[in-house]
>>> print(open('input_6.cif').read())   # mmCIF, N, CA and C atoms
data_coords
loop_
_atom_site.label_atom_id
_atom_site.label_comp_id
_atom_site.auth_asym_id
_atom_site.auth_seq_id
_atom_site.Cartn_x
_atom_site.Cartn_y
_atom_site.Cartn_z
N MET A 4 26.57 24.95 22.28
CA MET A 4 26.54 24.61 20.88
C MET A 4 26.71 25.90 20.08
N ASN A 5 27.70 25.91 19.18
CA ASN A 5 27.90 27.13 18.39
C ASN A 5 26.88 27.23 17.27
N THR A 6 26.80 28.39 16.65
CA THR A 6 25.80 28.66 15.63
C THR A 6 25.92 27.72 14.44
N MET A 7 27.13 27.42 14.01
CA MET A 7 27.34 26.54 12.85
C MET A 7 26.83 25.13 13.16
N THR A 8 27.14 24.60 14.32
CA THR A 8 26.68 23.27 14.72
C THR A 8 25.16 23.25 14.83
N LYS A 9 24.61 24.31 15.39
CA LYS A 9 23.16 24.40 15.53
C LYS A 9 22.48 24.40 14.16
N ARG A 10 23.00 25.17 13.21
CA ARG A 10 22.45 25.23 11.86
C ARG A 10 22.57 23.87 11.15
N LEU A 11 23.69 23.22 11.31
CA LEU A 11 23.92 21.92 10.70
C LEU A 11 22.95 20.88 11.27
N THR A 12 22.70 20.92 12.57
CA THR A 12 21.74 20.02 13.21
C THR A 12 20.33 20.28 12.68
N GLN A 13 19.95 21.54 12.56
CA GLN A 13 18.63 21.90 12.03
C GLN A 13 18.47 21.42 10.59
N LEU A 14 19.50 21.62 9.77
CA LEU A 14 19.46 21.21 8.37
C LEU A 14 19.33 19.69 8.27
N THR A 15 20.09 18.96 9.07
CA THR A 15 20.03 17.50 9.07
C THR A 15 18.64 17.02 9.46
N LEU A 16 18.07 17.60 10.49
CA LEU A 16 16.73 17.23 10.93
C LEU A 16 15.70 17.54 9.85
N PHE A 17 15.80 18.71 9.22
CA PHE A 17 14.88 19.08 8.15
C PHE A 17 14.96 18.09 6.98
N LEU A 18 16.16 17.76 6.55
CA LEU A 18 16.33 16.82 5.44
C LEU A 18 15.79 15.44 5.79
N PHE A 19 16.03 14.99 7.00
CA PHE A 19 15.52 13.69 7.44
C PHE A 19 13.99 13.67 7.43
N LEU A 20 13.38 14.70 8.00
CA LEU A 20 11.91 14.77 8.02
C LEU A 20 11.33 14.89 6.62
N SER A 21 11.98 15.64 5.76
CA SER A 21 11.50 15.76 4.37
C SER A 21 11.55 14.42 3.66
N PHE A 22 12.62 13.68 3.84
CA PHE A 22 12.76 12.39 3.18
C PHE A 22 11.73 11.39 3.70
N THR A 23 11.59 11.27 5.01
CA THR A 23 10.66 10.27 5.55
C THR A 23 9.22 10.62 5.23
N THR A 24 8.87 11.89 5.21
CA THR A 24 7.51 12.28 4.86
C THR A 24 7.21 11.94 3.41
N SER A 25 8.12 12.24 2.49
CA SER A 25 7.87 11.95 1.08
C SER A 25 7.92 10.46 0.80
N ALA A 26 8.69 9.71 1.53
CA ALA A 26 8.78 8.27 1.30
C ALA A 26 7.47 7.57 1.59
N PHE A 27 6.69 8.08 2.56
CA PHE A 27 5.44 7.43 2.93
C PHE A 27 4.20 8.19 2.47
N ALA A 28 4.37 9.26 1.74
CA ALA A 28 3.23 10.08 1.33
C ALA A 28 2.25 9.32 0.46
N GLY A 29 2.72 8.46 -0.44
CA GLY A 29 1.84 7.72 -1.33
C GLY A 29 0.93 6.75 -0.60
N ASP A 30 1.37 6.23 0.53
CA ASP A 30 0.57 5.27 1.29
C ASP A 30 -0.75 5.86 1.76
N GLY A 31 -0.77 7.13 2.08
CA GLY A 31 -1.97 7.75 2.63
C GLY A 31 -3.20 7.59 1.76
N LYS A 32 -3.04 7.70 0.44
CA LYS A 32 -4.17 7.54 -0.47
C LYS A 32 -4.61 6.08 -0.56
N LEU A 33 -3.71 5.16 -0.26
CA LEU A 33 -4.04 3.73 -0.36
C LEU A 33 -4.84 3.23 0.83
N PHE A 34 -4.68 3.86 1.99
CA PHE A 34 -5.38 3.41 3.19
C PHE A 34 -6.88 3.39 2.95
N GLY A 35 -7.54 2.36 3.44
CA GLY A 35 -9.00 2.34 3.40
C GLY A 35 -9.57 1.05 2.86
N HIS A 36 -10.88 1.04 2.75
CA HIS A 36 -11.65 -0.12 2.30
C HIS A 36 -12.01 0.09 0.83
N TRP A 37 -11.59 -0.86 -0.04
CA TRP A 37 -11.79 -0.76 -1.48
C TRP A 37 -12.57 -1.98 -1.97
N LYS A 38 -13.47 -1.75 -2.94
CA LYS A 38 -14.25 -2.84 -3.51
C LYS A 38 -14.39 -2.68 -5.02
N GLY A 39 -14.49 -3.85 -5.71
CA GLY A 39 -14.77 -3.82 -7.14
C GLY A 39 -14.35 -5.12 -7.80
N GLY A 40 -15.13 -5.56 -8.78
CA GLY A 40 -14.77 -6.74 -9.57
C GLY A 40 -14.58 -8.01 -8.76
N GLY A 41 -15.40 -8.20 -7.73
CA GLY A 41 -15.27 -9.40 -6.90
C GLY A 41 -14.18 -9.32 -5.84
N ILE A 42 -13.52 -8.17 -5.75
CA ILE A 42 -12.44 -7.97 -4.78
C ILE A 42 -12.92 -7.02 -3.68
N ASP A 43 -12.58 -7.35 -2.45
CA ASP A 43 -12.90 -6.52 -1.29
C ASP A 43 -11.62 -6.48 -0.45
N ILE A 44 -10.97 -5.32 -0.39
CA ILE A 44 -9.69 -5.22 0.31
C ILE A 44 -9.71 -4.03 1.26
N ASN A 45 -9.17 -4.24 2.45
CA ASN A 45 -9.06 -3.18 3.44
C ASN A 45 -7.58 -3.01 3.77
N LEU A 46 -7.01 -1.90 3.30
CA LEU A 46 -5.60 -1.59 3.56
C LEU A 46 -5.54 -0.66 4.77
N LYS A 47 -5.03 -1.17 5.87
CA LYS A 47 -5.02 -0.41 7.12
C LYS A 47 -3.72 0.37 7.27
N SER A 48 -3.79 1.47 8.02
CA SER A 48 -2.63 2.35 8.20
C SER A 48 -1.49 1.69 8.97
N ASN A 49 -1.78 0.60 9.67
CA ASN A 49 -0.70 -0.12 10.37
C ASN A 49 -0.04 -1.15 9.44
N HIS A 50 -0.36 -1.07 8.16
CA HIS A 50 0.20 -1.91 7.09
C HIS A 50 -0.18 -3.39 7.21
N THR A 51 -1.37 -3.63 7.75
CA THR A 51 -1.97 -4.95 7.67
C THR A 51 -3.15 -4.83 6.71
N PHE A 52 -3.62 -5.96 6.19
CA PHE A 52 -4.74 -5.91 5.28
C PHE A 52 -5.64 -7.12 5.45
N THR A 53 -6.87 -6.97 5.03
CA THR A 53 -7.80 -8.09 4.86
C THR A 53 -8.21 -8.06 3.40
N TYR A 54 -8.30 -9.23 2.80
CA TYR A 54 -8.57 -9.34 1.36
C TYR A 54 -9.56 -10.46 1.14
N LYS A 55 -10.61 -10.15 0.43
CA LYS A 55 -11.61 -11.15 0.11
C LYS A 55 -11.81 -11.13 -1.40
N VAL A 56 -11.73 -12.29 -2.02
CA VAL A 56 -11.94 -12.37 -3.46
C VAL A 56 -12.93 -13.50 -3.73
N LYS A 57 -13.86 -13.22 -4.62
CA LYS A 57 -14.86 -14.22 -4.97
C LYS A 57 -14.60 -14.67 -6.40
N ILE A 58 -14.25 -15.95 -6.55
CA ILE A 58 -14.05 -16.53 -7.87
C ILE A 58 -15.25 -17.43 -8.08
N VAL A 59 -15.14 -18.68 -7.71
CA VAL A 59 -16.31 -19.57 -7.65
C VAL A 59 -16.74 -19.61 -6.19
N LYS A 60 -15.75 -19.59 -5.34
CA LYS A 60 -15.92 -19.61 -3.90
C LYS A 60 -15.24 -18.34 -3.36
N THR A 61 -15.63 -17.90 -2.17
CA THR A 61 -15.00 -16.72 -1.57
C THR A 61 -13.77 -17.15 -0.77
N PHE A 62 -12.65 -16.46 -1.02
CA PHE A 62 -11.41 -16.71 -0.30
C PHE A 62 -11.06 -15.47 0.51
N ASN A 63 -10.64 -15.68 1.76
CA ASN A 63 -10.25 -14.59 2.66
C ASN A 63 -8.77 -14.73 3.01
N PHE A 64 -8.08 -13.59 2.98
CA PHE A 64 -6.66 -13.56 3.35
C PHE A 64 -6.43 -12.39 4.28
N THR A 65 -5.45 -12.52 5.15
CA THR A 65 -4.97 -11.41 5.96
C THR A 65 -3.45 -11.44 5.89
N GLY A 66 -2.84 -10.30 6.05
CA GLY A 66 -1.38 -10.25 6.01
C GLY A 66 -0.89 -8.83 6.18
N THR A 67 0.30 -8.58 5.65
CA THR A 67 0.90 -7.26 5.72
C THR A 67 1.10 -6.73 4.30
N TRP A 68 1.15 -5.41 4.20
CA TRP A 68 1.36 -4.79 2.89
C TRP A 68 2.34 -3.64 2.99
N SER A 69 2.93 -3.32 1.85
CA SER A 69 3.80 -2.15 1.75
C SER A 69 3.67 -1.61 0.33
N SER A 70 4.18 -0.42 0.10
CA SER A 70 4.15 0.13 -1.25
C SER A 70 5.48 0.79 -1.55
N SER A 71 5.85 0.71 -2.82
CA SER A 71 7.10 1.30 -3.28
C SER A 71 7.01 1.48 -4.79
N LYS A 72 7.38 2.65 -5.26
CA LYS A 72 7.44 2.93 -6.70
C LYS A 72 6.17 2.53 -7.43
N LYS A 73 5.02 2.95 -6.91
CA LYS A 73 3.71 2.68 -7.53
C LYS A 73 3.39 1.19 -7.61
N ARG A 74 3.95 0.41 -6.68
CA ARG A 74 3.63 -1.01 -6.56
C ARG A 74 3.17 -1.27 -5.14
N ILE A 75 2.20 -2.15 -5.01
CA ILE A 75 1.75 -2.58 -3.68
C ILE A 75 2.17 -4.05 -3.54
N ILE A 76 2.77 -4.37 -2.41
CA ILE A 76 3.25 -5.72 -2.13
C ILE A 76 2.46 -6.25 -0.95
N MET A 77 1.78 -7.39 -1.15
CA MET A 77 0.99 -8.00 -0.09
C MET A 77 1.60 -9.35 0.26
N LYS A 78 1.87 -9.56 1.53
CA LYS A 78 2.43 -10.82 2.01
C LYS A 78 1.42 -11.48 2.94
N TYR A 79 1.22 -12.78 2.76
CA TYR A 79 0.25 -13.52 3.55
C TYR A 79 0.61 -15.00 3.50
N LYS A 80 -0.14 -15.84 4.22
CA LYS A 80 0.08 -17.28 4.24
C LYS A 80 -1.18 -18.00 3.80
N VAL A 81 -1.00 -19.06 3.04
CA VAL A 81 -2.09 -19.95 2.65
C VAL A 81 -1.65 -21.35 3.06
N ALA A 82 -2.44 -21.98 3.93
CA ALA A 82 -2.11 -23.31 4.45
C ALA A 82 -0.69 -23.35 5.01
N GLY A 83 -0.28 -22.26 5.68
CA GLY A 83 1.03 -22.19 6.30
C GLY A 83 2.18 -21.87 5.36
N ILE A 84 1.88 -21.70 4.07
CA ILE A 84 2.92 -21.40 3.08
C ILE A 84 2.91 -19.91 2.77
N LYS A 85 4.09 -19.27 2.88
CA LYS A 85 4.20 -17.85 2.62
C LYS A 85 3.92 -17.54 1.16
N GLN A 86 3.13 -16.50 0.93
CA GLN A 86 2.78 -16.04 -0.41
C GLN A 86 3.07 -14.54 -0.51
N LYS A 87 3.27 -14.09 -1.73
CA LYS A 87 3.47 -12.66 -1.97
C LYS A 87 2.83 -12.30 -3.30
N LYS A 88 2.03 -11.25 -3.29
CA LYS A 88 1.42 -10.72 -4.51
C LYS A 88 1.93 -9.29 -4.70
N VAL A 89 2.28 -8.98 -5.93
CA VAL A 89 2.73 -7.63 -6.26
C VAL A 89 1.84 -7.10 -7.38
N ALA A 90 1.34 -5.90 -7.20
CA ALA A 90 0.50 -5.27 -8.21
C ALA A 90 0.95 -3.82 -8.40
N SER A 91 0.91 -3.36 -9.63
CA SER A 91 1.13 -1.94 -9.90
C SER A 91 -0.18 -1.24 -9.57
N TYR A 92 -0.07 0.00 -9.12
CA TYR A 92 -1.30 0.73 -8.85
C TYR A 92 -1.21 2.15 -9.39
N ARG A 93 -2.39 2.68 -9.67
CA ARG A 93 -2.52 4.09 -10.05
C ARG A 93 -3.92 4.54 -9.68
N PHE A 94 -4.09 5.82 -9.61
CA PHE A 94 -5.40 6.37 -9.29
C PHE A 94 -5.97 7.04 -10.53
N LYS A 95 -7.26 6.86 -10.73
CA LYS A 95 -7.98 7.54 -11.81
C LYS A 95 -9.19 8.19 -11.14
N GLY A 96 -9.06 9.48 -10.86
CA GLY A 96 -10.08 10.16 -10.07
C GLY A 96 -10.09 9.57 -8.68
N LYS A 97 -11.25 9.08 -8.25
CA LYS A 97 -11.38 8.47 -6.92
C LYS A 97 -11.27 6.96 -6.97
N LYS A 98 -10.88 6.41 -8.10
CA LYS A 98 -10.77 4.96 -8.29
C LYS A 98 -9.31 4.52 -8.12
N LEU A 99 -9.13 3.32 -7.60
CA LEU A 99 -7.82 2.70 -7.49
C LEU A 99 -7.76 1.60 -8.54
N LEU A 100 -6.77 1.67 -9.41
CA LEU A 100 -6.61 0.66 -10.45
C LEU A 100 -5.39 -0.20 -10.11
N LEU A 101 -5.62 -1.50 -9.94
CA LEU A 101 -4.56 -2.45 -9.63
C LEU A 101 -4.30 -3.32 -10.85
N THR A 102 -3.05 -3.49 -11.22
CA THR A 102 -2.69 -4.32 -12.36
C THR A 102 -1.68 -5.37 -11.91
N MET A 103 -2.01 -6.63 -12.16
CA MET A 103 -1.10 -7.73 -11.85
C MET A 103 -0.69 -8.39 -13.16
N LYS A 104 0.59 -8.72 -13.28
CA LYS A 104 1.09 -9.38 -14.48
C LYS A 104 0.29 -10.63 -14.79
N GLY A 105 -0.24 -10.70 -16.00
CA GLY A 105 -0.98 -11.87 -16.43
C GLY A 105 -2.39 -11.97 -15.87
N LYS A 106 -2.81 -11.02 -15.05
CA LYS A 106 -4.13 -11.08 -14.42
C LYS A 106 -5.05 -9.95 -14.88
N GLY A 107 -4.51 -8.95 -15.56
CA GLY A 107 -5.33 -7.83 -15.98
C GLY A 107 -5.41 -6.74 -14.93
N GLU A 108 -6.42 -5.90 -15.09
CA GLU A 108 -6.57 -4.74 -14.22
C GLU A 108 -7.90 -4.80 -13.47
N ALA A 109 -7.87 -4.42 -12.20
CA ALA A 109 -9.08 -4.34 -11.38
C ALA A 109 -9.30 -2.88 -11.00
N THR A 110 -10.53 -2.42 -11.12
CA THR A 110 -10.90 -1.07 -10.73
C THR A 110 -11.66 -1.14 -9.42
N LEU A 111 -11.15 -0.47 -8.40
CA LEU A 111 -11.75 -0.51 -7.07
C LEU A 111 -12.22 0.88 -6.67
N THR A 112 -13.30 0.92 -5.91
CA THR A 112 -13.86 2.16 -5.41
C THR A 112 -13.75 2.17 -3.90
N LYS A 113 -13.32 3.32 -3.36
CA LYS A 113 -13.19 3.45 -1.91
C LYS A 113 -14.57 3.46 -1.28
N GLN A 114 -14.75 2.67 -0.24
CA GLN A 114 -16.04 2.56 0.44
C GLN A 114 -16.16 3.56 1.57
#
>>> encode(input="input_6.cif", output="structure tokens")
Amino acid sequence: MNTMTKRLTQLTLFLFLSFTTSAFAGDGKLFGHWKGGGIDINLKSNHTFTYKVKIVKTFNFTGTWSSSKKRIIMKYKVAGIKQKKVASYRFKGKKLLLTMKGKGEATLTKQ
């Protein structure tokens, strides 16, 4: 392998690693067990989640999640029917703030 090919291979590898690391960097802060406002959610690093919400009755969901452009997307099934929830997220200190259209904002604390 000549020097030019070797340098080009190194540059390609560096750019690929830089892109993939930055693409998933935001997920790291999301991982974990969060609680607040009747919501109990555990976002696991394997991109599965457990979600418990208490309204009048407690409802439990499990599914998969992903994040993109400061949005978290949760996919799950209720009575065999596929569902999807999308929420904007931001951090305020050590708090996670989730906002869903028409639902308001929930403030969660990492457990």
>>> select_by_dssp(input="input_6.cif", residues="range 71-106 of chain A", states="strand (DSSP E or B)", output="count of residues only")
27
>>> atom_distance(input="input_6.cif", atom1="CA of Leu99 in chain A", atom2="CA of His50 in chain A")
17.3 Å
>>> resolve_selection(input="input_6.cif", expression="the PyMOL selection byres ((chain A and resi 104) around 7)", output="list in words")
Val89, Ala90, Ser91, Thr102, Met103, Gly105, Lys106 and Gly107 of chain A
>>> resolve_selection(input="input_6.cif", expression="the PyMOL selection byres (((chain A and resi 100 and name CA) around 10) and name CA)", output="PyMOL selection string")
chain A and resi 39+90-95+97-99+101-102+108-112
>>> resolve_selection(input="input_6.cif", expression="the PyMOL selection byres (((chain A and resi 42 and name CA) around 7) and name CA)", output="JSON, numbers by chain")
{"A": [38, 39, 40, 41, 43, 44, 55, 56, 57]}
>>> atom_distance(input="input_6.cif", atom1="CA of Lys80 in chain A", atom2="CA of Lys47 in chain A")
17.9 Å
